[in-house]
$ cat entry26.csv   # CSV, C-alpha atoms
chain,number,residue,atom,x,y,z
B,13,GLU,CA,-22.7,-25.8,-7.9
B,14,LEU,CA,-23.5,-26.0,-4.2
B,15,ALA,CA,-25.7,-22.9,-4.4
B,16,HIS,CA,-27.7,-24.5,-7.3
B,17,LYS,CA,-28.1,-27.7,-5.3
B,18,LEU,CA,-29.6,-25.7,-2.5
B,19,GLY,CA,-32.0,-24.0,-4.9
B,20,MET,CA,-30.3,-20.7,-5.0
B,21,LYS,CA,-29.7,-18.3,-7.9
B,22,VAL,CA,-26.1,-17.4,-8.6
B,23,ILE,CA,-25.2,-13.9,-9.7
B,24,VAL,CA,-21.6,-13.3,-10.7
B,25,VAL,CA,-20.5,-9.6,-10.4
B,26,ASP,CA,-17.1,-9.4,-12.1
B,27,HIS,CA,-15.5,-8.4,-15.4
B,28,HIS,CA,-14.0,-11.9,-15.8
B,29,ASP,CA,-16.0,-14.6,-17.6
B,30,TYR,CA,-17.6,-17.3,-15.5
B,31,ASP,CA,-16.8,-21.0,-15.7
B,32,PRO,CA,-18.7,-22.3,-18.8
B,33,ASP,CA,-18.8,-25.8,-17.2
B,34,ASN,CA,-20.5,-24.3,-14.1
B,35,PRO,CA,-22.6,-21.4,-15.5
B,36,CYS,CA,-24.2,-18.8,-13.3
B,37,ASP,CA,-27.8,-17.6,-13.6
B,38,PHE,CA,-26.8,-13.9,-14.1
B,39,HIS,CA,-23.5,-12.3,-15.0
B,40,LEU,CA,-23.2,-8.6,-14.3
B,41,ASN,CA,-20.1,-7.4,-16.0
B,42,PRO,CA,-19.0,-3.9,-14.8
B,43,LYS,CA,-17.4,-3.1,-18.1
B,44,LYS,CA,-20.6,-3.8,-19.9
B,45,HIS,CA,-22.7,-1.7,-17.5
B,46,ALA,CA,-20.6,1.4,-17.8
B,47,ASP,CA,-23.3,3.4,-19.6
B,48,GLU,CA,-21.5,6.5,-21.2
B,49,ARG,CA,-18.4,6.1,-19.2
B,50,GLU,CA,-15.1,4.8,-20.6
B,51,GLU,CA,-14.6,1.1,-19.9
B,52,GLU,CA,-11.4,1.7,-17.9
B,53,ASP,CA,-13.4,4.0,-15.6
B,54,ALA,CA,-16.2,1.5,-15.1
B,55,ASN,CA,-17.1,0.4,-11.6
B,56,THR,CA,-15.3,-2.6,-10.1
B,57,GLY,CA,-17.1,-5.8,-9.2
B,58,ALA,CA,-17.3,-4.6,-5.5
B,59,GLN,CA,-19.1,-1.4,-6.5
B,60,LEU,CA,-21.5,-3.2,-8.8
B,61,ALA,CA,-22.2,-5.7,-6.0
B,62,TRP,CA,-23.1,-2.8,-3.7
B,63,LYS,CA,-25.4,-1.3,-6.3
B,64,LEU,CA,-27.1,-4.7,-6.7
B,65,GLY,CA,-27.7,-4.8,-3.0
B,66,ALA,CA,-29.1,-1.3,-3.1
B,67,SER,CA,-31.4,-2.3,-5.9
B,68,VAL,CA,-32.7,-5.3,-4.0
B,69,GLN,CA,-33.5,-3.1,-1.0
B,70,VAL,CA,-35.4,-0.6,-3.2
B,71,ALA,CA,-37.3,-3.5,-4.8
B,72,MET,CA,-38.3,-5.1,-1.5
B,73,GLU,CA,-38.5,-2.1,0.9
B,74,GLY,CA,-39.0,0.9,-1.4
B,75,LYS,CA,-35.7,2.5,-0.4
B,76,THR,CA,-32.2,1.8,0.7
B,77,ARG,CA,-31.4,1.5,4.3
B,78,PRO,CA,-29.5,4.4,5.8
B,79,GLU,CA,-26.7,2.2,7.2
B,80,TYR,CA,-26.1,0.8,3.7
B,81,TRP,CA,-24.4,4.1,2.8
B,82,LYS,CA,-21.9,3.7,5.6
B,83,THR,CA,-19.8,0.6,6.2
B,84,PRO,CA,-21.1,-1.4,3.3
B,85,MET,CA,-20.4,1.5,0.8
B,86,PHE,CA,-17.0,2.1,2.4
B,87,LEU,CA,-16.1,-1.6,2.0
B,88,ALA,CA,-17.2,-1.4,-1.7
B,89,GLY,CA,-14.9,1.6,-2.0
B,90,MET,CA,-12.0,-0.3,-0.6
B,91,GLY,CA,-12.7,-3.0,-3.1
B,92,CYS,CA,-12.6,-0.4,-5.8
B,93,ARG,CA,-9.2,0.8,-4.5
B,94,ALA,CA,-7.8,-2.7,-4.1
B,95,ASP,CA,-8.8,-3.4,-7.7
B,96,MET,CA,-6.7,-0.4,-8.7
B,97,ALA,CA,-9.6,1.5,-10.3
B,98,PRO,CA,-8.8,5.0,-11.4
B,99,LEU,CA,-9.6,7.5,-8.6
B,100,ASN,CA,-9.8,10.5,-11.0
B,101,ASP,CA,-13.3,9.2,-11.6
B,102,LEU,CA,-15.7,11.1,-9.4
B,103,GLU,CA,-18.0,8.1,-8.7
B,104,ASN,CA,-15.1,5.9,-7.7
B,105,ARG,CA,-13.9,8.5,-5.2
B,106,ALA,CA,-17.4,8.9,-3.8
B,107,PHE,CA,-17.5,5.3,-2.8
B,108,PHE,CA,-15.0,5.8,0.0
B,109,ARG,CA,-15.3,9.6,0.6
B,110,VAL,CA,-19.1,9.7,1.2
B,111,PRO,CA,-19.0,7.2,4.1
B,112,LEU,CA,-16.0,9.0,5.6
B,113,LYS,CA,-18.1,12.0,6.1
B,114,ASP,CA,-19.8,10.1,8.9
B,115,LYS,CA,-17.8,10.9,12.0
B,116,ASN,CA,-19.0,7.6,13.6
B,117,LEU,CA,-17.5,5.5,10.9
B,118,SER,CA,-14.0,4.3,12.0
B,119,VAL,CA,-11.4,2.7,9.8
B,120,SER,CA,-10.7,-0.9,10.9
B,121,PRO,CA,-7.5,-1.4,13.0
B,122,GLY,CA,-6.0,-3.6,10.3
B,123,LEU,CA,-6.5,-1.1,7.6
B,124,GLN,CA,-5.2,1.7,9.8
B,125,HIS,CA,-2.1,-0.3,10.5
B,126,LEU,CA,-1.4,-0.6,6.8
B,127,LEU,CA,-1.9,3.1,6.3
B,128,ASP,CA,0.4,3.9,9.2
B,129,HIS,CA,3.0,1.5,8.0
B,130,PHE,CA,3.2,3.1,4.6
B,131,GLU,CA,2.5,6.6,5.8
B,132,GLU,CA,-0.5,6.9,3.5
B,133,ASP,CA,-3.8,8.8,3.9
B,134,ILE,CA,-7.1,7.1,3.1
B,135,LYS,CA,-8.7,10.4,2.2
B,136,TYR,CA,-6.4,11.0,-0.8
B,137,SER,CA,-5.2,9.0,-3.8
B,138,ASN,CA,-1.8,8.2,-2.5
B,139,MET,CA,-2.6,4.8,-1.2
B,140,MET,CA,-0.7,2.8,-3.8
B,141,ARG,CA,1.2,0.5,-1.4
B,142,THR,CA,-1.9,0.0,0.8
B,143,ASN,CA,-3.9,-0.8,-2.3
B,144,ALA,CA,-1.2,-3.2,-3.6
B,145,CYS,CA,-1.3,-5.1,-0.3
B,146,MET,CA,-5.1,-5.5,-0.6
B,147,ASN,CA,-4.5,-6.7,-4.2
B,148,MET,CA,-2.1,-9.5,-3.2
B,149,PRO,CA,-4.7,-12.3,-3.4
B,150,LYS,CA,-4.8,-11.7,-7.2
B,151,ARG,CA,-1.0,-12.0,-7.4
B,152,THR,CA,-0.2,-15.0,-5.2
B,153,THR,CA,-1.7,-18.0,-3.4
B,154,LYS,CA,0.0,-16.9,-0.2
B,155,ALA,CA,-2.8,-14.4,0.3
B,156,SER,CA,-6.5,-14.9,0.1
B,157,ALA,CA,-9.7,-12.8,-0.2
B,158,ALA,CA,-10.5,-13.9,3.3
B,159,ASP,CA,-7.3,-12.1,4.5
B,160,VAL,CA,-8.5,-8.8,3.0
B,161,VAL,CA,-12.0,-9.2,4.3
B,162,GLY,CA,-10.6,-9.9,7.7
B,163,LEU,CA,-8.4,-6.8,7.4
B,164,LEU,CA,-11.3,-4.6,6.6
B,165,SER,CA,-14.0,-6.0,8.8
B,166,THR,CA,-12.5,-7.1,12.1
B,167,SER,CA,-12.7,-4.6,15.0
B,168,ASP,CA,-10.2,-6.6,17.1
B,169,PRO,CA,-6.9,-4.7,17.0
B,170,GLU,CA,-4.6,-7.7,17.5
B,171,GLU,CA,-6.4,-9.7,14.8
B,172,GLY,CA,-6.5,-6.7,12.4
B,173,VAL,CA,-2.7,-6.0,12.8
B,174,ALA,CA,-2.0,-9.7,12.2
B,175,TYR,CA,-3.9,-9.5,8.9
B,176,ALA,CA,-2.1,-6.3,7.9
B,177,GLN,CA,1.3,-7.6,8.8
B,178,LYS,CA,0.7,-10.8,6.8
B,179,LEU,CA,-0.2,-8.7,3.7
B,180,ILE,CA,2.8,-6.4,4.2
B,181,ASP,CA,5.2,-9.4,4.4
B,182,ILE,CA,3.7,-10.9,1.2
B,183,TYR,CA,3.8,-7.5,-0.5
B,184,GLU,CA,7.5,-7.1,0.3
B,185,GLU,CA,8.3,-10.6,-1.0
B,186,ALA,CA,6.2,-9.9,-4.1
B,187,LYS,CA,8.4,-6.9,-4.9
B,188,VAL,CA,11.4,-9.2,-5.1
B,189,VAL,CA,9.6,-11.7,-7.3
B,190,LYS,CA,8.5,-8.8,-9.7
B,191,LYS,CA,12.1,-7.6,-9.8
B,192,ASP,CA,13.4,-11.0,-10.7
B,193,MET,CA,10.8,-11.4,-13.4
B,194,GLU,CA,11.7,-8.0,-14.9
B,195,GLU,CA,15.3,-9.0,-15.0
B,196,GLN,CA,14.3,-12.2,-16.8
B,197,ALA,CA,12.2,-10.3,-19.3
B,198,LYS,CA,15.0,-7.8,-20.0
B,199,ALA,CA,17.4,-10.7,-20.6
B,200,GLN,CA,15.0,-12.3,-23.0
B,201,ALA,CA,14.5,-9.1,-24.8
B,202,GLY,CA,18.2,-8.5,-25.1
B,203,LYS,CA,18.6,-11.9,-26.8
B,204,ARG,CA,16.0,-11.0,-29.3
B,205,GLY,CA,17.3,-7.5,-29.9
B,206,ASP,CA,14.0,-5.9,-28.8
B,207,LYS,CA,14.9,-3.9,-25.7
B,208,ASP,CA,12.0,-1.5,-25.9
B,209,ARG,CA,9.2,-4.1,-25.4
B,210,TYR,CA,9.5,-7.2,-23.3
B,211,PHE,CA,7.3,-9.7,-21.5
B,212,ALA,CA,8.1,-12.7,-19.4
B,213,MET,CA,6.1,-15.2,-17.4
B,214,ALA,CA,8.0,-16.9,-14.6
B,215,THR,CA,7.8,-20.7,-14.6
B,216,ILE,CA,6.2,-22.6,-11.7
B,217,GLU,CA,9.7,-23.8,-10.7
B,218,ASP,CA,10.9,-20.2,-10.4
B,219,HIS,CA,8.1,-18.9,-8.2
B,220,PRO,CA,5.6,-21.6,-7.3
B,221,ASP,CA,3.5,-19.3,-5.2
B,222,TYR,CA,3.5,-16.5,-7.9
B,223,ALA,CA,2.6,-18.5,-11.0
B,224,GLY,CA,0.2,-15.9,-12.1
B,225,TYR,CA,2.5,-12.9,-11.6
B,226,SER,CA,3.6,-11.5,-14.9
B,227,GLY,CA,6.0,-8.6,-15.6
$ encode --input "entry26.csv" --output "structure tokens"
Amino acid sequence: ELAHKLGMKVIVVDHHDYDPDNPCDFHLNPKKHADEREEEDANTGAQLAWKLGASVQVAMEGKTRPEYWKTPMFLAGMGCRADMAPLNDLENRAFFRVPLKDKNLSVSPGLQHLLDHFEEDIKYSNMMRTNACMNMPKRTTKASAADVVGLLSTSDPEEGVAYAQKLIDIYEEAKVVKKDMEEQAKAQAGKRGDKDRYFAMATIEDHPDYAGYSG
């Protein structure tokens, strides 16, 4: 709404639908721009946003800027990983592996702290817990997208570690919440006699900060 008041065009790059009461000017849905790829292998919103930026550069300058293939592409790749996109897809892997070929590109101290804490390697697919930490803003109001942006962008070691530790603490708490929800679901399934399939949504009273966390 503010962007429209300022005379700006609004482009939403995400697979979720936009607010019908506050429509955008353009909605680029990654799952609808997958070409011949399977929907589950489609780019995430972060990757499509990077492609949109590249397209704007080509349209205005005739080519993409060399630096755009470094940190910006790497951040889009981290967005891909945080969104749990499948890394068996070659293009998804390219988004973080291509920038890492540049020896001058360094991982932010916050992200490095996460990797060290979980003993995971950014060059491979075994970043499940690091990815889960970056995914926390989608699970609880205790974390925000700003925390993840700070984690990935700050070059200040103390600030980066603070962002990382905050996400680690939230992740550890979220595991307890998830376990509780699974126990609730199994109990509900047991009462119905359907133990093979179960679903539960915790009430706000159960976990006020994890109202959107389902198990």
$ closest_residue --input "entry26.csv" --among "B:Leu14, B:Val189, B:Ala106, B:Ala97" --to "B:Lys82" --atoms "only C-alpha atoms"
B:Ala106
$ residues_around --input "entry26.csv" --residues "B:Glu79" --least-positions-apart "2" --cutoff "12 Å" --atoms "all atoms listed in the file" --output "list in words"
Ala66, Gln69, Lys75, Thr76, Arg77, Trp81, Lys82, Thr83, Pro84, Met85, Phe86, Pro111, Asp114, Asn116 and Leu117 of chain B
$ atom_distance --input "entry26.csv" --atom1 "atom CA of B:Trp62" --atom2 "atom CA of B:Asp128"
27.6 Å
$ atom_distance --input "entry26.csv" --atom1 "atom CA of B:Asn55" --atom2 "atom CA of B:Leu102"
11.0 Å
$ residues_around --input "entry26.csv" --residues "B:Ile182" --least-positions-apart "6" --cutoff "8 Å" --atoms "only C-alpha atoms" --output "ChimeraX atom specification"
/B:145,148,154-155
$ residues_around --input "entry26.csv" --residues "B:Ala58" --least-positions-apart "3" --cutoff "10 Å" --atoms "all atoms listed in the file" --output "PyMOL selection string"
chain B and resi 25-26+42+55+61-64+85+87-95
$ closest_residue --input "entry26.csv" --among "B:Lys113, B:Lys190, B:Lys21, B:His125" --to "B:Gly172" --atoms "only C-alpha atoms"
B:His125
$ atom_distance --input "entry26.csv" --atom1 "atom CA of B:Lys150" --atom2 "atom CA of B:Ile23"
20.7 Å
$ closest_residue --input "entry26.csv" --among "B:Val110, B:Ala186, B:Val22, B:Cys36" --to "B:Lys135" --atoms "all atoms listed in the file"
B:Val110
$ residues_around --input "entry26.csv" --residues "B:Ala176" --least-positions-apart "6" --cutoff "8 Å" --atoms "only C-alpha atoms" --output "list of chain:residue names"
B:Gly122, B:Leu123, B:His125, B:Leu126, B:Leu163
$ closest_residue --input "entry26.csv" --among "B:Ile180, B:Asp101, B:Glu194, B:Leu60" --to "B:Arg141" --atoms "all atoms listed in the file"
B:Ile180
$ closest_residue --input "entry26.csv" --among "B:Leu40, B:Val173, B:Val161, B:Leu18" --to "B:Leu127" --atoms "all atoms listed in the file"
B:Val173
$ closest_residue --input "entry26.csv" --among "B:Asn147, B:Ser120, B:Gln59, B:Ser165" --to "B:Ile134" --atoms "only C-alpha atoms"
B:Ser120
